[in-house]
file target_6.csv (CSV, C-alpha atoms)
chain,number,residue,atom,x,y,z
K,1,MET,CA,-16.9,22.1,11.6
K,2,GLU,CA,-15.7,25.4,13.1
K,3,ASN,CA,-13.0,23.7,15.1
K,4,LYS,CA,-11.4,22.2,12.0
K,5,LYS,CA,-8.9,23.9,9.7
K,6,LEU,CA,-7.5,23.0,6.3
K,7,VAL,CA,-3.8,23.2,6.3
K,8,ILE,CA,-1.6,23.3,3.2
K,9,ASN,CA,2.2,22.7,3.2
K,10,PRO,CA,3.3,24.1,-0.2
K,11,ALA,CA,6.9,22.9,0.3
K,12,TRP,CA,5.7,19.3,0.1
K,13,CYS,CA,3.1,19.7,-2.7
K,14,LYS,CA,4.2,18.3,-6.1
K,15,GLY,CA,1.1,19.6,-7.9
K,16,CYS,CA,-0.3,16.3,-9.0
K,17,GLY,CA,-3.8,17.6,-8.6
K,18,ILE,CA,-5.4,14.5,-7.0
K,19,CYS,CA,-6.8,16.5,-4.1
K,20,ALA,CA,-8.4,19.1,-6.4
K,21,ALA,CA,-9.8,16.5,-8.9
K,22,PHE,CA,-11.6,14.5,-6.2
K,23,CYS,CA,-12.7,17.3,-3.9
K,24,PRO,CA,-16.5,16.8,-3.6
K,25,LYS,CA,-17.0,20.6,-3.2
K,26,GLU,CA,-14.4,21.7,-5.8
K,27,VAL,CA,-12.8,24.1,-3.4
K,28,LEU,CA,-9.1,23.3,-4.3
K,29,ALA,CA,-7.1,24.3,-7.4
K,30,ILE,CA,-3.6,23.9,-8.6
K,31,VAL,CA,-2.1,27.3,-9.1
K,32,HIS,CA,1.5,27.6,-10.3
K,33,GLU,CA,2.0,23.9,-9.6
K,34,LYS,CA,0.9,24.1,-6.0
K,35,VAL,CA,-2.5,23.4,-4.4
K,36,GLN,CA,-4.5,26.4,-3.1
K,37,LEU,CA,-7.8,26.6,-1.3
K,38,ILE,CA,-9.8,28.8,-3.7
K,39,ASN,CA,-13.2,28.7,-2.0
K,40,GLU,CA,-12.8,28.5,1.8
K,41,ALA,CA,-16.5,29.1,2.5
K,42,ASP,CA,-17.6,26.0,0.7
K,43,CYS,CA,-15.0,23.6,2.2
K,44,ILE,CA,-16.7,21.1,4.4
K,45,LYS,CA,-13.5,19.8,6.0
K,46,CYS,CA,-14.3,16.3,4.9
K,47,GLY,CA,-10.6,15.4,4.7
K,48,LEU,CA,-10.7,13.4,1.5
K,49,CYS,CA,-7.8,15.5,0.2
K,50,GLU,CA,-5.8,14.4,3.2
K,51,LEU,CA,-6.5,10.8,2.6
K,52,ARG,CA,-5.5,10.9,-1.1
K,53,CYS,CA,-2.6,13.3,-1.0
K,54,PRO,CA,0.5,11.2,-1.8
K,55,ASP,CA,2.8,13.8,-0.3
K,56,TYR,CA,1.0,14.7,3.0
K,57,ALA,CA,0.9,18.3,1.9
K,58,ILE,CA,-2.7,18.9,2.8
K,59,TYR,CA,-4.6,18.0,5.9
K,60,ILE,CA,-7.3,18.8,8.4
K,61,GLU,CA,-6.2,20.1,11.7
K,62,LYS,CA,-8.5,19.8,14.7
K,63,GLU,CA,-8.4,22.6,17.3
K,64,GLY,CA,-6.9,21.6,20.6
K,65,GLU,CA,-4.8,18.9,19.0
B,66,MET,CA,4.3,21.3,9.8
B,67,PRO,CA,2.9,17.9,9.0
B,68,SER,CA,-0.4,16.4,10.3
B,69,LYS,CA,-0.4,14.6,13.7
B,70,LEU,CA,-0.4,11.2,12.0
B,71,ILE,CA,2.6,12.0,9.8
B,72,GLU,CA,4.5,13.6,12.6
B,73,LYS,CA,4.0,10.5,14.7
B,74,THR,CA,4.6,7.7,12.1
B,75,MET,CA,7.1,9.2,9.7
B,76,ARG,CA,10.7,10.4,9.8
B,77,VAL,CA,9.6,13.9,8.9
B,78,ASN,CA,13.2,15.1,8.2
B,79,ARG,CA,13.3,12.6,5.3
B,80,LEU,CA,10.1,14.1,3.7
B,81,PRO,CA,9.0,15.0,1.1
B,82,HIS,CA,9.7,11.6,-0.3
B,83,ILE,CA,11.3,10.9,-3.7
B,84,TRP,CA,8.2,9.3,-5.3
B,85,CYS,CA,7.0,11.1,-8.5
B,86,PRO,CA,4.1,13.5,-8.5
B,87,GLY,CA,0.8,11.5,-8.4
B,88,CYS,CA,2.5,8.2,-7.4
B,89,GLY,CA,0.2,6.0,-5.4
B,90,HIS,CA,2.9,4.8,-3.1
B,91,GLY,CA,2.7,7.8,-0.8
B,92,ILE,CA,-1.0,7.2,-0.3
B,93,LEU,CA,-0.5,3.5,0.4
B,94,MET,CA,2.4,4.2,2.9
B,95,ARG,CA,0.0,6.5,4.8
B,96,ASP,CA,-2.6,3.7,4.8
B,97,VAL,CA,0.0,1.4,6.4
B,98,ALA,CA,0.8,4.0,9.1
B,99,GLN,CA,-2.9,4.6,9.7
B,100,ALA,CA,-3.6,0.9,10.0
B,101,ILE,CA,-0.8,0.5,12.6
B,102,GLU,CA,-2.2,3.4,14.5
B,103,ASN,CA,-5.7,1.9,14.4
B,104,CYS,CA,-4.4,-1.4,15.8
B,105,GLY,CA,-3.0,0.6,18.8
B,106,LEU,CA,0.4,-1.1,18.5
B,107,ASP,CA,3.5,0.0,20.4
B,108,PRO,CA,5.8,1.5,17.7
B,109,ASP,CA,8.8,-0.1,19.4
B,110,LYS,CA,7.2,-3.5,18.7
B,111,VAL,CA,6.6,-2.9,15.0
B,112,VAL,CA,9.1,-3.8,12.4
B,113,ILE,CA,8.8,-2.6,8.8
B,114,VAL,CA,10.9,-4.7,6.3
B,115,SER,CA,11.3,-3.8,2.7
B,116,GLY,CA,13.2,-5.0,-0.3
B,117,ILE,CA,14.3,-3.0,-3.3
B,118,GLY,CA,12.3,-0.9,-5.7
B,119,CYS,CA,10.1,2.3,-5.5
B,120,SER,CA,7.8,0.6,-3.0
B,121,SER,CA,10.7,-0.4,-0.7
B,122,ARG,CA,11.7,3.2,-0.1
B,123,ALA,CA,8.9,3.2,2.4
B,124,ALA,CA,11.1,1.6,5.1
B,125,GLY,CA,13.3,4.7,5.0
B,126,TYR,CA,10.4,7.1,5.7
B,127,MET,CA,8.5,5.2,8.3
B,128,ASN,CA,9.3,5.9,12.0
B,129,TYR,CA,9.4,2.3,13.3
B,130,ASN,CA,12.1,-0.3,13.5
B,131,THR,CA,12.9,-0.6,9.9
B,132,LEU,CA,15.0,-2.9,7.7
B,133,HIS,CA,15.7,-2.1,4.1
B,134,THR,CA,17.0,-5.3,2.6
B,135,THR,CA,18.1,-6.8,-0.7
B,136,HIS,CA,16.0,-7.3,-3.8
B,137,GLY,CA,13.3,-9.8,-3.4
B,138,ARG,CA,14.5,-10.9,0.0
B,139,ALA,CA,12.3,-8.8,2.3
B,140,ILE,CA,10.1,-11.7,3.3
B,141,ALA,CA,13.2,-13.9,4.0
B,142,PHE,CA,14.6,-11.2,6.4
B,143,ALA,CA,11.2,-10.7,7.9
B,144,THR,CA,10.9,-14.5,8.6
B,145,GLY,CA,14.2,-14.3,10.5
B,146,VAL,CA,13.0,-11.3,12.5
B,147,LYS,CA,9.7,-12.9,13.4
B,148,LEU,CA,11.3,-16.3,14.4
B,149,ALA,CA,13.9,-14.5,16.6
B,150,ASN,CA,11.3,-12.3,18.3
B,151,PRO,CA,7.8,-13.7,17.7
B,152,GLU,CA,6.2,-10.9,19.9
B,153,LEU,CA,7.1,-8.3,17.2
B,154,THR,CA,4.5,-7.2,14.6
B,155,VAL,CA,6.4,-7.6,11.3
B,156,ILE,CA,5.1,-5.8,8.3
B,157,VAL,CA,6.7,-6.3,4.9
B,158,ILE,CA,6.4,-3.5,2.3
B,159,THR,CA,7.3,-4.7,-1.2
B,160,GLY,CA,6.5,-4.1,-4.8
B,161,ASP,CA,5.1,-6.3,-7.6
B,162,GLY,CA,8.5,-7.1,-9.0
B,163,ASP,CA,10.2,-7.5,-5.6
B,164,ALA,CA,7.5,-9.8,-4.3
B,165,THR,CA,6.5,-11.9,-7.3
B,166,ALA,CA,9.5,-12.0,-9.6
B,167,ILE,CA,12.8,-11.6,-7.7
B,168,GLY,CA,11.3,-12.7,-4.5
B,169,GLY,CA,8.6,-15.1,-5.9
B,170,ASN,CA,10.0,-18.1,-4.1
B,171,HIS,CA,10.3,-16.4,-0.8
B,172,LEU,CA,6.7,-15.3,-1.1
B,173,ILE,CA,5.2,-18.7,-1.9
B,174,HIS,CA,7.2,-20.4,0.8
B,175,ALA,CA,6.3,-17.9,3.5
B,176,CYS,CA,2.7,-18.4,2.5
B,177,ARG,CA,3.1,-22.1,2.8
B,178,ARG,CA,4.5,-21.8,6.3
B,179,ASN,CA,1.7,-19.5,7.4
B,180,ILE,CA,4.2,-17.4,9.4
B,181,ASP,CA,2.6,-14.4,11.1
B,182,LEU,CA,3.8,-11.7,8.7
B,183,THR,CA,1.7,-9.0,7.1
B,184,VAL,CA,2.9,-8.4,3.5
B,185,VAL,CA,1.7,-5.3,1.7
B,186,VAL,CA,2.5,-5.3,-2.0
B,187,PHE,CA,2.5,-1.9,-3.6
B,188,ASN,CA,1.6,-3.0,-7.1
B,189,ASN,CA,2.3,-0.4,-9.8
B,190,ASN,CA,2.3,-2.9,-12.6
B,191,ILE,CA,5.9,-2.0,-13.7
B,192,TYR,CA,9.5,-1.7,-12.5
B,193,GLY,CA,9.5,2.0,-11.9
B,194,MET,CA,12.9,2.6,-10.3
B,195,THR,CA,14.8,1.0,-13.1
B,196,GLY,CA,13.0,2.7,-16.0
B,197,GLY,CA,9.7,1.0,-16.7
B,198,GLN,CA,10.5,-2.7,-17.6
B,199,TYR,CA,7.4,-4.9,-17.6
B,200,SER,CA,6.8,-6.9,-14.4
B,201,PRO,CA,4.9,-10.1,-13.5
B,202,THR,CA,1.8,-7.9,-12.9
B,203,THR,CA,2.0,-5.9,-16.1
B,204,PRO,CA,-1.4,-6.8,-17.7
B,205,HIS,CA,-1.3,-8.9,-20.9
B,206,GLY,CA,-0.9,-6.6,-24.0
B,207,GLU,CA,0.3,-3.6,-22.1
B,208,LYS,CA,3.6,-1.9,-22.8
B,209,GLY,CA,6.9,-1.4,-20.9
B,210,THR,CA,10.3,-0.3,-22.0
B,211,THR,CA,11.2,-4.0,-22.5
B,212,ALA,CA,7.8,-4.7,-24.1
B,213,PRO,CA,7.5,-1.9,-26.7
B,214,TYR,CA,5.0,-3.9,-28.8
B,215,GLY,CA,3.0,-5.1,-25.9
B,216,ASN,CA,3.6,-7.7,-23.2
B,217,ILE,CA,2.8,-11.3,-24.2
B,218,ASP,CA,3.1,-12.6,-20.7
B,219,TYR,CA,-0.1,-13.1,-18.6
B,220,ASN,CA,0.0,-11.3,-15.3
B,221,PHE,CA,-0.2,-12.8,-11.8
B,222,ASP,CA,-3.3,-12.3,-9.6
B,223,ILE,CA,-1.3,-11.8,-6.4
B,224,PRO,CA,-4.0,-12.6,-3.8
B,225,LYS,CA,-4.9,-15.8,-5.7
B,226,LEU,CA,-1.2,-16.8,-5.9
B,227,ALA,CA,-0.8,-16.2,-2.2
B,228,GLU,CA,-4.0,-18.1,-1.3
B,229,SER,CA,-3.1,-21.1,-3.4
B,230,ALA,CA,0.4,-21.2,-1.8
B,231,GLY,CA,-1.2,-21.3,1.7
B,232,ALA,CA,-1.6,-17.7,2.9
B,233,THR,CA,-4.5,-17.6,5.4
B,234,TYR,CA,-5.6,-14.0,4.7
B,235,THR,CA,-5.5,-12.3,1.3
B,236,ALA,CA,-7.0,-9.1,0.2
B,237,ARG,CA,-6.8,-6.4,-2.5
B,238,GLY,CA,-7.3,-2.7,-2.2
B,239,THR,CA,-6.4,0.4,-4.2
B,240,ALA,CA,-4.6,3.7,-3.7
B,241,PHE,CA,-7.9,5.5,-4.6
B,242,HIS,CA,-10.2,3.6,-2.1
B,243,VAL,CA,-8.4,4.7,1.1
B,244,PRO,CA,-10.7,3.8,4.0
B,245,GLN,CA,-11.1,0.3,2.5
B,246,MET,CA,-7.4,-0.2,2.1
B,247,ILE,CA,-6.7,1.0,5.7
B,248,LYS,CA,-9.3,-1.5,7.0
B,249,LEU,CA,-7.8,-4.4,4.9
B,250,ILE,CA,-4.3,-3.7,6.2
B,251,GLU,CA,-5.6,-3.4,9.7
B,252,ASN,CA,-7.4,-6.8,9.4
B,253,GLY,CA,-4.2,-8.3,7.9
B,254,ILE,CA,-2.1,-7.1,10.9
B,255,LYS,CA,-4.7,-8.5,13.4
B,256,HIS,CA,-4.9,-11.8,11.6
B,257,HIS,CA,-2.6,-14.5,13.2
B,258,GLY,CA,-0.9,-16.1,10.3
B,259,PHE,CA,0.4,-15.1,6.9
B,260,SER,CA,-1.5,-12.1,5.5
B,261,LEU,CA,-1.1,-10.6,2.0
B,262,ILE,CA,-2.7,-7.4,1.0
B,263,GLU,CA,-2.2,-6.2,-2.6
B,264,GLY,CA,-2.5,-2.4,-2.9
B,265,LEU,CA,-3.1,-1.3,-6.5
B,266,SER,CA,-0.9,1.7,-6.9
B,267,VAL,CA,-0.6,4.2,-9.8
B,268,CYS,CA,2.6,4.9,-11.7
B,269,PRO,CA,2.0,7.9,-14.0
B,270,THR,CA,5.7,8.3,-14.9
B,271,TYR,CA,6.3,4.9,-16.5
B,272,TYR,CA,3.2,2.7,-16.7
B,273,GLY,CA,0.9,5.6,-17.4
B,274,ARG,CA,3.1,7.2,-20.0
B,275,LYS,CA,4.1,4.0,-21.8
B,276,ASN,CA,0.4,3.0,-22.0
B,277,LYS,CA,-1.1,6.4,-22.7
B,278,LYS,CA,-3.2,6.3,-19.5
B,279,GLY,CA,-3.3,10.1,-19.2
B,280,SER,CA,-2.5,12.0,-16.1
B,281,ALA,CA,-2.2,10.7,-12.5
B,282,VAL,CA,-5.8,12.0,-12.0
B,283,ASP,CA,-7.0,10.0,-15.0
B,284,MET,CA,-5.4,6.9,-13.6
B,285,TYR,CA,-7.1,7.3,-10.2
B,286,ASN,CA,-10.4,7.9,-12.1
B,287,TRP,CA,-9.7,4.5,-13.8
B,288,GLN,CA,-9.4,2.9,-10.4
B,289,LYS,CA,-12.6,4.6,-9.2
B,290,GLU,CA,-14.5,3.2,-12.3
B,291,ASN,CA,-13.0,-0.2,-12.6
B,292,CYS,CA,-12.2,-1.5,-9.1
B,293,ILE,CA,-15.3,-3.0,-7.6
B,294,ASP,CA,-15.8,-4.2,-4.0
B,295,ALA,CA,-16.2,-8.0,-4.1
B,296,ALA,CA,-19.4,-7.8,-1.9
B,297,LYS,CA,-21.0,-5.4,-4.4
B,298,ALA,CA,-19.8,-7.5,-7.3
B,299,GLN,CA,-22.0,-10.4,-6.2
B,300,LYS,CA,-25.1,-8.4,-7.2
B,301,MET,CA,-23.7,-7.5,-10.6
B,302,SER,CA,-24.0,-9.4,-13.9
B,303,ALA,CA,-21.1,-11.0,-15.8
B,304,GLU,CA,-21.4,-8.3,-18.5
B,305,GLU,CA,-21.2,-5.6,-15.9
B,306,LEU,CA,-18.1,-7.2,-14.4
B,307,GLU,CA,-16.3,-7.6,-17.7
B,308,GLY,CA,-12.8,-6.1,-17.3
B,309,LYS,CA,-13.3,-5.1,-13.7
B,310,ILE,CA,-10.9,-5.8,-10.8
B,311,LEU,CA,-12.4,-7.1,-7.6
B,312,THR,CA,-11.2,-5.6,-4.3
B,313,GLY,CA,-11.8,-6.4,-0.6
B,314,GLU,CA,-11.1,-9.5,1.4
B,315,MET,CA,-10.4,-12.3,-1.0
B,316,SER,CA,-9.8,-15.2,1.4
B,317,ARG,CA,-9.4,-16.0,5.1
B,318,CYS,CA,-9.0,-19.2,7.1
B,319,GLU,CA,-7.5,-20.3,10.4
B,320,LYS,CA,-4.4,-22.6,10.5
B,321,PRO,CA,-1.7,-23.1,13.2
B,322,GLU,CA,0.9,-20.4,12.9
B,323,TYR,CA,4.6,-21.1,12.2
B,324,THR,CA,6.3,-19.5,15.1
B,325,ASP,CA,3.7,-21.0,17.5
B,326,MET,CA,4.5,-24.4,16.2
B,327,TYR,CA,8.2,-23.8,16.3
B,328,MET,CA,8.0,-22.6,19.9
B,329,GLU,CA,6.0,-25.8,20.7
B,330,ILE,CA,8.9,-27.9,19.3
B,331,ILE,CA,11.3,-26.0,21.5
B,332,ARG,CA,9.1,-26.6,24.5
B,333,LYS,CA,8.7,-30.3,23.8
B,334,CYS,CA,12.4,-30.8,23.5
B,335,GLY,CA,13.0,-28.9,26.7
B,336,GLY,CA,14.7,-26.0,25.0
B,337,ASP,CA,12.8,-23.5,27.1
B,338,LYS,CA,14.3,-24.6,30.4
call {"tool": "encode", "arguments": {"input": "target_6.csv", "output": "structure tokens"}}
result
Amino acid sequence: MENKKLVINPAWCKGCGICAAFCPKEVLAIVHEKVQLINEADCIKCGLCELRCPDYAIYIEKEGE
Amino acid sequence: MPSKLIEKTMRVNRLPHIWCPGCGHGILMRDVAQAIENCGLDPDKVVIVSGIGCSSRAAGYMNYNTLHTTHGRAIAFATGVKLANPELTVIVITGDGDATAIGGNHLIHACRRNIDLTVVVFNNNIYGMTGGQYSPTTPHGEKGTTAPYGNIDYNFDIPKLAESAGATYTARGTAFHVPQMIKLIENGIKHHGFSLIEGLSVCPTYYGRKNKKGSAVDMYNWQKENCIDAAKAQKMSAEELEGKILTGEMSRCEKPEYTDMYMEIIRKCGGDK
């Protein structure tokens, strides 16, 4: 898990809130119409947010890729 | 700074796309790209063909050989591409109106021929681009700008329609159930014959607003609660399945494929010499 990082691209985020609503650990929130990682410690980097983001604005980056 | 998948499969300088906040089409387009990747196809041998409508914007964003055609005619253009170059993998991205109303005839005749195309229908139950008119998949009783008192038409079941017209692989997935949808598209691409995969999308702007379905998140929650995998549904009672939508592989069979048969005619007549 340490070699994974959650990346957010606010320029592409439209604030629909799907990622935050279906995050199993509730670590995301929409703040001023953009997604933010509000609880980094609890994020398990499962990548469900990446799969369901219609705008490709949030994803898991693997180190060395 | 997009993800590796998006960087590889999309025209990043065209992003962010124009679809509304919460629209399921972005999710489904990513599913198509992931399925192509999973199949390990050479991007130069993949053709994306689309018609007109919200769904059909996808051809502009995807970084393959792409063809954005006229309303309802994506399958007709795709048939031409496939017949001219049978070695290409031809994927059609179309919408519910484009595929089953304006292009209804092209759809059923391509099914009948069993030509090796993979058709992915982004079904948002409404004409989004033109302002929310009801489509052939707007459920009975639901509203659109052209059905302000409720739609009296009955809606198509797209996989059933395709199967009865002769499609040899039909399936249904949703924007919410991403891994399943990717697998269904992947299987459709690998299937040698006409494949149709319906992807249930979400249109919060028109369908959702007209029918008081709440926010985009509420509409995905609806999919989560009401779309049941066909395998799981076999263990459920009729009461439990009341009002539910079945997803997964709907039908599959093997039949000679159209371009194979066409090439065989050419060979028989000495046209390959």
call {"tool": "interface_residues", "arguments": {"input": "target_6.csv", "of": "chain B", "to": "chain K", "cutoff": "8 Å", "atoms": "only C-alpha atoms", "output": "list in words"}}
result
Met66, Pro67, Ser68, Ile71, Leu80, Pro81, His82, Pro86, Gly87, Cys88, Gly89, His90, Gly91, Ile92, Ala240, Phe241, Val243, Ala281 and Val282 of chain B
call {"tool": "atom_distance", "arguments": {"input": "target_6.csv", "atom1": "CA of Ile250 in chain B", "atom2": "CA of Gly238 in chain B"}}
result
9.0 Å
call {"tool": "atom_distance", "arguments": {"input": "target_6.csv", "atom1": "CA of Cys176 in chain B", "atom2": "CA of Glu263 in chain B"}}
result
14.1 Å
call {"tool": "atom_distance", "arguments": {"input": "target_6.csv", "atom1": "CA of Ala295 in chain B", "atom2": "CA of Gly193 in chain B"}}
result
28.7 Å
call {"tool": "residues_around", "arguments": {"input": "target_6.csv", "residues": "range 110-113 of chain B", "least_positions_apart": "4", "cutoff": "8 Å", "atoms": "all atoms listed in the file", "output": "PDB file with C-alpha atoms, in the coordinates of the input"}}
result
ATOM      1  CA  LEU B 106       0.400  -1.100  18.500  1.00  0.00           C
ATOM      2  CA  ALA B 124      11.100   1.600   5.100  1.00  0.00           C
ATOM      3  CA  MET B 127       8.500   5.200   8.300  1.00  0.00           C
ATOM      4  CA  TYR B 129       9.400   2.300  13.300  1.00  0.00           C
ATOM      5  CA  ASN B 130      12.100  -0.300  13.500  1.00  0.00           C
ATOM      6  CA  THR B 131      12.900  -0.600   9.900  1.00  0.00           C
ATOM      7  CA  LEU B 132      15.000  -2.900   7.700  1.00  0.00           C
ATOM      8  CA  GLU B 152       6.200 -10.900  19.900  1.00  0.00           C
ATOM      9  CA  LEU B 153       7.100  -8.300  17.200  1.00  0.00           C
ATOM     10  CA  THR B 154       4.500  -7.200  14.600  1.00  0.00           C
ATOM     11  CA  VAL B 155       6.400  -7.600  11.300  1.00  0.00           C
ATOM     12  CA  ILE B 156       5.100  -5.800   8.300  1.00  0.00           C
ATOM     13  CA  VAL B 157       6.700  -6.300   4.900  1.00  0.00           C
ATOM     14  CA  ILE B 158       6.400  -3.500   2.300  1.00  0.00           C
TER      15      ILE B 158
END
call {"tool": "residues_around", "arguments": {"input": "target_6.csv", "residues": "range 222-234 of chain B", "least_positions_apart": "2", "cutoff": "9 Å", "atoms": "all atoms listed in the file", "output": "PyMOL selection string"}}
result
chain B and resi 161+165+172-180+186+202+220+236-237+252-253+256-263+314-320
call {"tool": "residues_around", "arguments": {"input": "target_6.csv", "residues": "Pro24 in chain K", "least_positions_apart": "6", "cutoff": "10 Å", "atoms": "all atoms listed in the file", "output": "list in words"}}
result
Cys43, Ile44, Cys46, Leu48 and Cys49 of chain K
call {"tool": "residues_near_point", "arguments": {"input": "target_6.csv", "point": "(12.3, -2.1, 3.7)", "cutoff": "9 Å", "atoms": "all atoms listed in the file", "output": "PyMOL selection string"}}
result
chain B and resi 113-117+120-125+131-135+139+157-159
call {"tool": "write_last_selection", "arguments": {"input": "target_6.csv", "atoms": "C-alpha atoms", "output": "short mmCIF file (atom, residue, chain, number, x, y, z; two decimals), in the frame of the given file"}}
result
data_model
loop_
_atom_site.label_atom_id
_atom_site.label_comp_id
_atom_site.auth_asym_id
_atom_site.auth_seq_id
_atom_site.Cartn_x
_atom_site.Cartn_y
_atom_site.Cartn_z
CA ILE B 113 8.80 -2.60 8.80
CA VAL B 114 10.90 -4.70 6.30
CA SER B 115 11.30 -3.80 2.70
CA GLY B 116 13.20 -5.00 -0.30
CA ILE B 117 14.30 -3.00 -3.30
CA SER B 120 7.80 0.60 -3.00
CA SER B 121 10.70 -0.40 -0.70
CA ARG B 122 11.70 3.20 -0.10
CA ALA B 123 8.90 3.20 2.40
CA ALA B 124 11.10 1.60 5.10
CA GLY B 125 13.30 4.70 5.00
CA THR B 131 12.90 -0.60 9.90
CA LEU B 132 15.00 -2.90 7.70
CA HIS B 133 15.70 -2.10 4.10
CA THR B 134 17.00 -5.30 2.60
CA THR B 135 18.10 -6.80 -0.70
CA ALA B 139 12.30 -8.80 2.30
CA VAL B 157 6.70 -6.30 4.90
CA ILE B 158 6.40 -3.50 2.30
CA THR B 159 7.30 -4.70 -1.20
#
call {"tool": "residues_around", "arguments": {"input": "target_6.csv", "residues": "Asp218 in chain B", "least_positions_apart": "6", "cutoff": "12 Å", "atoms": "only C-alpha atoms", "output": "NGL selection string"}}
result
:B and (199-209 or 211-212)
call {"tool": "build_atoms", "arguments": {"input": "target_6.csv", "residues": "range 234-249 of chain B", "atoms": "N, CA, C and O atoms", "output": "short mmCIF file (atom, residue, chain, number, x, y, z; two decimals), in the coordinates of the input"}}
result
data_model
loop_
_atom_site.label_atom_id
_atom_site.label_comp_id
_atom_site.auth_asym_id
_atom_site.auth_seq_id
_atom_site.Cartn_x
_atom_site.Cartn_y
_atom_site.Cartn_z
N TYR B 234 -4.75 -15.18 4.93
CA TYR B 234 -5.60 -14.00 4.70
C TYR B 234 -5.05 -13.28 3.48
O TYR B 234 -3.86 -12.97 3.37
N THR B 235 -5.93 -13.06 2.51
CA THR B 235 -5.50 -12.30 1.30
C THR B 235 -6.58 -11.27 0.99
O THR B 235 -7.77 -11.48 1.24
N ALA B 236 -6.11 -10.16 0.47
CA ALA B 236 -7.00 -9.10 0.20
C ALA B 236 -6.42 -8.17 -0.92
O ALA B 236 -5.22 -8.24 -1.20
N ARG B 237 -7.29 -7.35 -1.51
CA ARG B 237 -6.80 -6.40 -2.50
C ARG B 237 -7.53 -5.06 -2.28
O ARG B 237 -8.75 -5.03 -2.09
N GLY B 238 -6.75 -4.00 -2.28
CA GLY B 238 -7.30 -2.70 -2.20
C GLY B 238 -6.66 -1.79 -3.24
O GLY B 238 -5.84 -2.25 -4.02
N THR B 239 -7.01 -0.51 -3.25
CA THR B 239 -6.40 0.40 -4.20
C THR B 239 -5.92 1.66 -3.51
O THR B 239 -6.33 1.94 -2.38
N ALA B 240 -5.10 2.41 -4.20
CA ALA B 240 -4.60 3.70 -3.70
C ALA B 240 -5.81 4.68 -3.61
O ALA B 240 -5.86 5.56 -2.75
N PHE B 241 -6.78 4.52 -4.52
CA PHE B 241 -7.90 5.50 -4.60
C PHE B 241 -8.87 5.24 -3.40
O PHE B 241 -9.34 6.20 -2.79
N HIS B 242 -9.18 3.96 -3.11
CA HIS B 242 -10.20 3.60 -2.10
C HIS B 242 -9.49 3.52 -0.71
O HIS B 242 -9.23 2.42 -0.22
N VAL B 243 -9.22 4.68 -0.12
CA VAL B 243 -8.40 4.70 1.10
C VAL B 243 -8.97 4.07 2.32
O VAL B 243 -8.31 3.23 2.93
N PRO B 244 -10.21 4.40 2.72
CA PRO B 244 -10.70 3.80 4.00
C PRO B 244 -10.74 2.25 3.86
O PRO B 244 -10.42 1.55 4.83
N GLN B 245 -11.10 1.71 2.69
CA GLN B 245 -11.10 0.30 2.50
C GLN B 245 -9.71 -0.32 2.66
O GLN B 245 -9.51 -1.32 3.34
N MET B 246 -8.74 0.34 2.03
CA MET B 246 -7.40 -0.20 2.10
C MET B 246 -6.84 -0.16 3.51
O MET B 246 -6.18 -1.11 3.94
N ILE B 247 -7.12 0.89 4.27
CA ILE B 247 -6.70 1.00 5.70
C ILE B 247 -7.28 -0.22 6.45
O ILE B 247 -6.57 -0.91 7.19
N LYS B 248 -8.57 -0.46 6.24
CA LYS B 248 -9.30 -1.50 7.00
C LYS B 248 -8.66 -2.91 6.59
O LYS B 248 -8.47 -3.76 7.46
N LEU B 249 -8.34 -3.10 5.31
CA LEU B 249 -7.80 -4.40 4.90
C LEU B 249 -6.42 -4.63 5.50
O LEU B 249 -6.11 -5.75 5.93
#
